[in-house]
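As provided, upload-v7.cif (mmCIF, C-alpha atoms) reads as follows.
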```cif
data_my_file
#
loop_
_atom_site.label_atom_id
_atom_site.label_comp_id
_atom_site.auth_asym_id
_atom_site.auth_seq_id
_atom_site.Cartn_x
_atom_site.Cartn_y
_atom_site.Cartn_z
CA MET A 26 -51.83 10.10 2.15
CA PRO A 27 -51.23 8.74 -1.41
CA LEU A 28 -48.02 10.78 -1.47
CA VAL A 29 -46.85 9.06 1.71
CA PHE A 30 -47.51 5.64 0.21
CA ALA A 31 -45.72 6.64 -3.00
CA LEU A 32 -42.66 7.80 -1.09
CA ALA A 33 -42.68 4.63 0.97
CA ALA A 34 -42.85 2.55 -2.20
CA ILE A 35 -39.93 4.45 -3.74
CA GLY A 36 -37.92 3.97 -0.54
CA ALA A 37 -38.61 0.25 -0.60
CA VAL A 38 -37.46 -0.03 -4.21
CA VAL A 39 -34.26 1.90 -3.46
CA ALA A 40 -33.58 -0.33 -0.46
CA LEU A 41 -34.05 -3.45 -2.58
CA VAL A 42 -31.52 -2.13 -5.11
CA VAL A 43 -28.94 -0.62 -2.75
CA ALA A 44 -29.00 -3.03 0.19
CA PRO A 45 -27.67 -6.07 -1.73
CA VAL A 46 -24.74 -3.97 -3.00
CA TYR A 47 -23.73 -2.95 0.51
CA LEU A 48 -24.28 -6.45 1.88
CA ASP A 49 -22.10 -7.89 -0.88
CA ARG A 50 -19.36 -5.35 -0.13
CA PHE A 51 -19.57 -6.16 3.58
CA ARG A 52 -19.28 -9.88 2.89
CA ARG A 53 -16.29 -9.32 0.61
CA GLU A 54 -14.54 -7.19 3.23
CA LEU A 55 -15.26 -9.78 5.91
CA SER A 56 -13.91 -12.51 3.66
CA ARG A 57 -10.78 -10.44 2.92
CA ALA A 58 -10.08 -9.98 6.62
CA GLU A 59 -10.56 -13.69 7.29
CA GLU A 60 -8.29 -14.68 4.42
CA ILE A 61 -5.56 -12.24 5.47
CA GLU A 62 -5.79 -13.53 9.04
CA GLN A 63 -5.18 -17.06 7.76
CA VAL A 64 -2.13 -15.80 5.83
CA ALA A 65 -0.78 -14.07 8.94
CA ARG A 66 -1.22 -17.17 11.09
CA GLY A 67 0.48 -19.25 8.41
CA LEU A 68 3.50 -16.95 8.55
CA GLY A 69 3.61 -17.13 12.34
CA LEU A 70 2.55 -13.48 12.65
CA THR A 71 -0.27 -11.78 14.57
CA PHE A 72 -3.42 -10.31 13.05
CA ALA A 73 -5.88 -7.61 14.11
CA ARG A 74 -8.73 -5.99 12.18
CA VAL A 75 -7.72 -2.55 13.53
CA ASP A 76 -4.53 -1.19 15.05
CA PRO A 77 -4.74 -1.79 18.81
CA ALA A 78 -1.80 0.52 19.57
CA TYR A 79 -2.68 3.59 17.45
CA PRO A 80 -6.35 3.29 16.49
CA GLY A 81 -7.21 5.69 13.68
CA SER A 82 -3.75 7.26 13.43
CA THR A 83 -1.36 4.56 12.22
CA ALA A 84 -0.59 6.24 8.90
CA PHE A 85 0.51 9.47 10.63
CA LEU A 86 3.44 7.61 12.19
CA TYR A 87 5.28 7.16 8.90
CA PRO A 88 7.00 9.79 6.67
CA PHE A 89 5.60 8.72 3.30
CA GLU A 90 3.55 10.76 0.84
CA LEU A 91 1.10 7.92 0.31
CA PHE A 92 -0.32 8.38 3.79
CA SER A 93 -1.27 12.00 3.14
CA ARG A 94 -3.45 11.23 0.13
CA GLY A 95 -7.18 11.77 -0.07
CA ILE A 96 -9.70 11.99 2.74
CA GLU A 97 -11.31 9.57 5.19
CA GLN A 98 -8.11 7.57 5.58
CA THR A 99 -8.46 4.15 7.14
CA CYS A 100 -6.01 1.43 8.15
CA GLU A 101 -7.19 -2.13 8.69
CA ASN A 102 -6.20 -5.81 8.55
CA PHE A 103 -2.95 -5.48 10.51
CA ILE A 104 -0.20 -8.09 10.40
CA ARG A 105 2.69 -7.79 12.87
CA GLY A 106 5.74 -9.82 13.73
CA THR A 107 9.32 -10.66 12.83
CA ILE A 108 10.59 -12.38 9.68
CA GLU A 109 14.29 -13.18 9.26
CA GLY A 110 15.17 -10.79 12.09
CA VAL A 111 13.20 -7.88 10.59
CA ASP A 112 10.31 -6.46 12.64
CA LEU A 113 7.47 -5.43 10.37
CA VAL A 114 3.89 -4.25 10.24
CA ALA A 115 1.61 -4.66 7.24
CA PHE A 116 -1.89 -3.35 6.69
CA ASP A 117 -4.48 -2.20 4.18
CA PHE A 118 -4.51 1.58 3.73
CA LEU A 119 -7.67 3.10 2.25
CA TYR A 120 -8.59 6.64 1.34
CA ARG A 121 -11.29 8.41 -0.63
CA GLN A 122 -11.10 11.24 -3.17
CA ARG A 123 -13.88 13.80 -3.42
CA VAL A 124 -15.85 13.86 -6.67
CA ASP A 125 -18.14 16.70 -7.86
CA SER A 126 -21.78 15.65 -8.09
CA ASP A 127 -23.47 16.51 -11.41
CA GLY A 128 -22.40 20.14 -11.34
CA GLU A 129 -24.49 20.88 -8.26
CA PRO A 130 -22.98 23.97 -6.57
CA GLY A 131 -21.07 22.87 -3.50
CA GLY A 132 -22.28 19.32 -3.96
CA LYS A 133 -19.88 16.46 -3.24
CA LEU A 134 -20.15 12.70 -3.49
CA ARG A 135 -17.80 10.27 -1.83
CA SER A 136 -15.73 8.26 -4.27
CA GLU A 137 -15.05 4.57 -3.88
CA PRO A 138 -12.13 3.92 -1.51
CA VAL A 139 -8.66 3.49 -3.01
CA ARG A 140 -6.86 0.58 -1.36
CA PHE A 141 -3.13 -0.01 -0.98
CA SER A 142 -1.40 -2.97 0.63
CA CYS A 143 1.46 -1.61 2.77
CA ALA A 144 4.31 -3.19 4.72
CA LEU A 145 6.83 -1.20 6.79
CA ALA A 146 10.04 -1.85 8.68
CA THR A 147 12.66 0.20 10.50
CA VAL A 148 16.29 -0.23 9.40
CA ASP A 149 19.64 0.98 10.71
CA GLY A 150 20.99 4.30 9.43
CA GLU A 151 19.53 7.48 7.96
CA ARG A 152 18.97 7.55 4.22
CA PRO A 153 17.73 10.07 1.63
CA HIS A 154 14.40 9.49 -0.05
CA VAL A 155 14.48 6.77 -2.71
CA VAL A 156 11.59 5.28 -4.69
CA ILE A 157 12.02 2.03 -6.63
CA GLU A 158 8.83 1.47 -8.61
CA PRO A 159 7.79 -0.77 -11.52
CA ALA A 160 8.75 0.73 -14.87
CA SER A 161 5.23 -0.15 -16.00
CA ALA A 162 3.59 1.97 -13.29
CA PRO A 163 0.81 4.17 -14.77
CA LEU A 164 1.87 7.78 -15.36
CA PRO A 165 -0.47 9.27 -12.70
CA ASP A 166 1.00 6.92 -10.07
CA ARG A 167 4.68 7.52 -10.82
CA ALA A 168 7.00 9.36 -8.48
CA GLY A 169 8.05 12.75 -9.80
CA GLY A 170 11.63 13.37 -10.88
CA GLU A 171 14.24 12.29 -13.39
CA PRO A 172 14.91 8.54 -13.20
CA VAL A 173 18.34 7.34 -12.10
CA ARG A 174 19.73 5.15 -14.87
CA LEU A 175 21.85 2.29 -13.63
CA GLU A 176 24.34 0.16 -15.53
CA TRP A 177 22.18 -2.96 -15.82
CA GLY A 178 19.75 -2.79 -18.71
CA ALA A 179 17.53 -5.61 -17.40
CA PHE A 180 17.04 -3.71 -14.16
CA ASN A 181 16.27 -0.43 -15.94
CA ALA A 182 13.68 -2.26 -18.04
CA ARG A 183 11.91 -3.54 -14.92
CA TYR A 184 12.24 -0.64 -12.47
CA ARG A 185 12.22 3.13 -12.31
CA VAL A 186 14.38 4.73 -9.58
CA ILE A 187 13.76 8.26 -8.30
CA SER A 188 15.81 10.09 -5.67
CA PRO A 189 16.99 13.66 -5.00
CA ASP A 190 20.39 12.11 -4.19
CA ARG A 191 21.27 10.27 -7.38
CA GLY A 192 24.69 9.20 -6.11
CA PHE A 193 23.16 7.63 -3.03
CA ALA A 194 20.55 5.80 -5.10
CA ALA A 195 23.27 4.31 -7.29
CA ALA A 196 25.22 3.20 -4.20
CA LEU A 197 22.13 1.75 -2.57
CA LEU A 198 21.27 -0.36 -5.60
CA ASP A 199 24.34 -2.53 -5.64
CA LEU A 200 24.54 -5.70 -7.73
CA ALA A 201 23.13 -7.93 -4.97
CA LEU A 202 20.02 -5.80 -4.47
CA MET A 203 19.41 -5.35 -8.21
CA THR A 204 19.83 -9.09 -8.80
CA TRP A 205 17.25 -9.88 -6.14
CA LEU A 206 14.80 -7.34 -7.54
CA VAL A 207 15.13 -8.70 -11.08
CA ASP A 208 15.41 -12.44 -10.44
CA GLU A 209 13.89 -13.25 -7.05
CA ALA A 210 11.43 -10.58 -5.93
CA PRO A 211 7.73 -11.50 -6.16
CA ARG A 212 6.16 -10.89 -9.57
CA LEU A 213 3.83 -8.31 -8.09
CA PRO A 214 3.53 -4.55 -8.82
CA LEU A 215 5.51 -3.63 -5.71
CA THR A 216 7.02 -0.21 -5.06
CA TYR A 217 9.83 0.05 -2.50
CA GLU A 218 10.34 3.40 -0.81
CA ILE A 219 13.02 4.49 1.66
CA GLN A 220 12.85 7.55 3.87
CA ARG A 221 15.35 8.08 6.69
CA ASP A 222 15.25 4.85 8.73
CA GLN A 223 11.92 3.62 7.34
CA VAL A 224 11.27 1.23 4.46
CA LEU A 225 7.86 0.94 2.81
CA CYS A 226 6.76 -1.77 0.40
CA ARG A 227 3.39 -1.01 -1.21
CA ALA A 228 1.10 -2.03 -4.04
CA PRO A 229 -2.42 -1.22 -5.18
CA GLY A 230 -4.72 -3.43 -3.08
CA LEU A 231 -3.42 -6.97 -3.44
CA ALA A 232 -5.63 -10.03 -3.35
CA PRO A 233 -5.30 -12.06 -0.11
CA LYS A 234 -3.59 -14.86 -2.05
CA ASP A 235 -0.69 -12.47 -2.82
CA VAL A 236 -0.27 -11.13 0.72
CA ALA A 237 2.18 -13.81 1.89
CA GLY A 238 4.63 -13.10 -0.95
CA PHE A 239 4.19 -9.36 -0.43
CA VAL A 240 4.88 -9.53 3.32
CA ASN A 241 7.93 -11.75 2.80
CA ALA A 242 9.34 -9.33 0.21
CA LEU A 243 9.88 -6.52 2.74
CA PRO A 244 12.42 -8.27 5.01
CA GLU A 245 14.21 -9.67 1.96
CA PHE A 246 14.56 -6.14 0.58
CA ALA A 247 15.48 -4.60 3.94
CA ARG A 248 18.22 -7.17 4.57
CA ARG A 249 19.82 -6.39 1.23
CA ILE A 250 20.14 -2.65 1.80
CA SER A 251 23.87 -2.04 1.92
CA ARG A 252 25.00 -0.77 5.34
CA GLY A 253 27.51 1.35 3.52
CA ALA A 254 24.77 3.17 1.66
CA SER A 255 23.58 5.32 4.57
CA ASP A 256 24.29 8.75 5.98
#
```

Would you mind writing the file out in structure tokens?
Amino acid sequence: MPLVFALAAIGAVVALVVAPVYLDRFRRELSRAEEIEQVARGLGLTFARVDPAYPGSTAFLYPFELFSRGIEQTCENFIRGTIEGVDLVAFDFLYRQRVDSDGEPGGKLRSEPVRFSCALATVDGERPHVVIEPASAPLPDRAGGEPVRLEWGAFNARYRVISPDRGFAAALLDLALMTWLVDEAPRLPLTYEIQRDQVLCRAPGLAPKDVAGFVNALPEFARRISRGASD
């Protein structure tokens, strides 16, 4: 019987320590959803906590490497609508990476979720894969490949461009698009990625206060893609 009481006491102590952490995380997530909903309404767009059209499988619809990362992938906090004639969807994408637990054979612990803010749109034409990422992106997060050097030093200092079709990338990034990226694009760590007729704008989990600028950046970028720079 004393053993039972001891175990119960230990369980109570663990609950007192762990429960507040989970409650705090729940409150923060609830607050995030509420704040993003307010942003969506302010932009005249719709909001849903989960994807009503493709519950649990949204990420599989899009041809981007990001959506194949990790395990336990989740999409939430959906924003949908049209801005400047561009139909878009934006959402939080989360995944976990497995972590070994203290050398225990076969033991695994779930890591904390990695969050990305994502916005996607469909554009006319079929294009090769192009990644336009911040030049300051950490090495582990950078796209693989030799960067395409363009003729504007200020642009090269701000962005790193990767594409298997270097000629296409140079044609895509005409003066108008480079000028917007350098002078007018939001000062956020945004990566723009093009694959066939899809455009993805993404960043490591943005704060709700930055979501409006992030969502508005996608149609601005999509509208500036040269129609001539397509297959």

Using all atoms listed in the file, which protein or nucleic acid residues come within 9 Å of Arg94 (chain A)? Drop anything in the same chain fewer than 5 positions from it, and give the result as a ChimeraX atom specification. /A:120-122

Residues of the last selection are to be written out with C-alpha atoms, as a compact mmCIF listing (two decimals), keeping the file's coordinate frame.
```txt
# COMPACT_ATOMS: atom_id res chain seq x y z
CA TYR A 120 -8.59 6.64 1.34
CA ARG A 121 -11.29 8.41 -0.63
CA GLN A 122 -11.10 11.24 -3.17
```

So the first atom is CA of Pro163 (chain A) and the second is CA of Glu245 (chain A); what is the distance between them in Å, to one decimal place?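 Between CA of Pro163 (chain A) and CA of Glu245 (chain A) the gap is 25.5 Å.
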
Can you work out which one of A:Pro229, A:Gly69, A:Gly178, A:Gly170 has the shortest atom-to-atom distance to Ile108 (chain A), counting all atoms listed in the file?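 Among A:Pro229, A:Gly69, A:Gly178, A:Gly170, it is A:Gly69 that comes nearest to Ile108 (chain A).
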
Quick one: everything within 8 Å of region 190-195 of chain A, counting only C-alpha atoms, minus sequence neighbours fewer than 2 positions away in the same chain. Send it as a list of chain:residue names. A:Pro153, A:His154, A:Val155, A:Val173, A:Leu175, A:Val186, A:Ile187, A:Ser188, A:Leu197, A:Leu198, A:Asp199, A:Ala254, A:Ser255

Distance query Ile61 (chain A) at most 12 Å, only C-alpha atoms, self and fewer than 2 positions along chain excluded, as a ChimeraX atom specification: /A:54-59,63-68,70-74,101-105,115-117,142,231-237,239-240

Residues near Phe246 (chain A), cut-off 12 Å, all atoms listed in the file, skip fewer than 5 positions along chain, as a PDB file with C-alpha atoms, in the frame of the given file:
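Resulting contents of selection.pdb:
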```
ATOM      1  CA  ILE A 108      10.590 -12.380   9.680  1.00  0.00           C
ATOM      2  CA  GLU A 109      14.290 -13.180   9.260  1.00  0.00           C
ATOM      3  CA  VAL A 111      13.200  -7.880  10.590  1.00  0.00           C
ATOM      4  CA  ALA A 144       4.310  -3.190   4.720  1.00  0.00           C
ATOM      5  CA  LEU A 145       6.830  -1.200   6.790  1.00  0.00           C
ATOM      6  CA  ALA A 146      10.040  -1.850   8.680  1.00  0.00           C
ATOM      7  CA  THR A 147      12.660   0.200  10.500  1.00  0.00           C
ATOM      8  CA  VAL A 148      16.290  -0.230   9.400  1.00  0.00           C
ATOM      9  CA  ILE A 157      12.020   2.030  -6.630  1.00  0.00           C
ATOM     10  CA  LEU A 197      22.130   1.750  -2.570  1.00  0.00           C
ATOM     11  CA  LEU A 198      21.270  -0.360  -5.600  1.00  0.00           C
ATOM     12  CA  ALA A 201      23.130  -7.930  -4.970  1.00  0.00           C
ATOM     13  CA  LEU A 202      20.020  -5.800  -4.470  1.00  0.00           C
ATOM     14  CA  MET A 203      19.410  -5.350  -8.210  1.00  0.00           C
ATOM     15  CA  THR A 204      19.830  -9.090  -8.800  1.00  0.00           C
ATOM     16  CA  TRP A 205      17.250  -9.880  -6.140  1.00  0.00           C
ATOM     17  CA  LEU A 206      14.800  -7.340  -7.540  1.00  0.00           C
ATOM     18  CA  VAL A 207      15.130  -8.700 -11.080  1.00  0.00           C
ATOM     19  CA  GLU A 209      13.890 -13.250  -7.050  1.00  0.00           C
ATOM     20  CA  ALA A 210      11.430 -10.580  -5.930  1.00  0.00           C
ATOM     21  CA  PRO A 211       7.730 -11.500  -6.160  1.00  0.00           C
ATOM     22  CA  LEU A 215       5.510  -3.630  -5.710  1.00  0.00           C
ATOM     23  CA  THR A 216       7.020  -0.210  -5.060  1.00  0.00           C
ATOM     24  CA  TYR A 217       9.830   0.050  -2.500  1.00  0.00           C
ATOM     25  CA  GLU A 218      10.340   3.400  -0.810  1.00  0.00           C
ATOM     26  CA  ILE A 219      13.020   4.490   1.660  1.00  0.00           C
ATOM     27  CA  VAL A 224      11.270   1.230   4.460  1.00  0.00           C
ATOM     28  CA  LEU A 225       7.860   0.940   2.810  1.00  0.00           C
ATOM     29  CA  CYS A 226       6.760  -1.770   0.400  1.00  0.00           C
ATOM     30  CA  PHE A 239       4.190  -9.360  -0.430  1.00  0.00           C
ATOM     31  CA  VAL A 240       4.880  -9.530   3.320  1.00  0.00           C
ATOM     32  CA  ASN A 241       7.930 -11.750   2.800  1.00  0.00           C
ATOM     33  CA  SER A 251      23.870  -2.040   1.920  1.00  0.00           C
TER      34      SER A 251
END
```

Per-axis box centre and lengths in Å around region 164-183 of chain A, 8 Å margin per side, axis-aligned, as JSON:
```
{"center_x": 11.9, "center_y": 3.9, "center_z": -13.6, "size_x": 40.8, "size_y": 35.0, "size_z": 26.2}
```

CA of Ser161 (chain A) to CA of Asn181 (chain A): how many Å, to one decimal?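 That distance, rounded to one decimal, is 11.0 Å.
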
Report the distance between CA of Gln98 (chain A) and CA of Pro244 (chain A) in Å, rounded to one decimal place.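 Separating CA of Gln98 (chain A) from CA of Pro244 (chain A) is a distance of 25.9 Å.
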
Of the candidates A:Pro172, A:Gly106, A:Pro88, A:Pro214, which one gets nearest to Arg227 (chain A) if we count all atoms listed in the file?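 The shortest atom-to-atom distance to Arg227 (chain A) comes from A:Pro214.
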
Explicit residues for the PyMOL selection byres ((chain A and resi 96) around 12) (as a ChimeraX atom specification): /A:91-95,97-99,118-124,135-139

Writing out the chosen residues with C-alpha atoms as a PDB file, in the frame of the given file:
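File produced: out10.pdb:
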```
ATOM      1  CA  LEU A  91       1.100   7.920   0.310  1.00  0.00           C
ATOM      2  CA  PHE A  92      -0.320   8.380   3.790  1.00  0.00           C
ATOM      3  CA  SER A  93      -1.270  12.000   3.140  1.00  0.00           C
ATOM      4  CA  ARG A  94      -3.450  11.230   0.130  1.00  0.00           C
ATOM      5  CA  GLY A  95      -7.180  11.770  -0.070  1.00  0.00           C
ATOM      6  CA  GLU A  97     -11.310   9.570   5.190  1.00  0.00           C
ATOM      7  CA  GLN A  98      -8.110   7.570   5.580  1.00  0.00           C
ATOM      8  CA  THR A  99      -8.460   4.150   7.140  1.00  0.00           C
ATOM      9  CA  PHE A 118      -4.510   1.580   3.730  1.00  0.00           C
ATOM     10  CA  LEU A 119      -7.670   3.100   2.250  1.00  0.00           C
ATOM     11  CA  TYR A 120      -8.590   6.640   1.340  1.00  0.00           C
ATOM     12  CA  ARG A 121     -11.290   8.410  -0.630  1.00  0.00           C
ATOM     13  CA  GLN A 122     -11.100  11.240  -3.170  1.00  0.00           C
ATOM     14  CA  ARG A 123     -13.880  13.800  -3.420  1.00  0.00           C
ATOM     15  CA  VAL A 124     -15.850  13.860  -6.670  1.00  0.00           C
ATOM     16  CA  ARG A 135     -17.800  10.270  -1.830  1.00  0.00           C
ATOM     17  CA  SER A 136     -15.730   8.260  -4.270  1.00  0.00           C
ATOM     18  CA  GLU A 137     -15.050   4.570  -3.880  1.00  0.00           C
ATOM     19  CA  PRO A 138     -12.130   3.920  -1.510  1.00  0.00           C
ATOM     20  CA  VAL A 139      -8.660   3.490  -3.010  1.00  0.00           C
TER      21      VAL A 139
END
```

Residue nearest Trp177 (chain A) among A:Leu200, A:Val75, A:Leu113, A:Leu164 (counting all atoms listed in the file): A:Leu200

Would you mind telling me which residue in A:Ala160, A:Ala247, A:Phe85, A:Gly230 lies nearest to Gly110 (chain A) when using all atoms listed in the file? A:Ala247
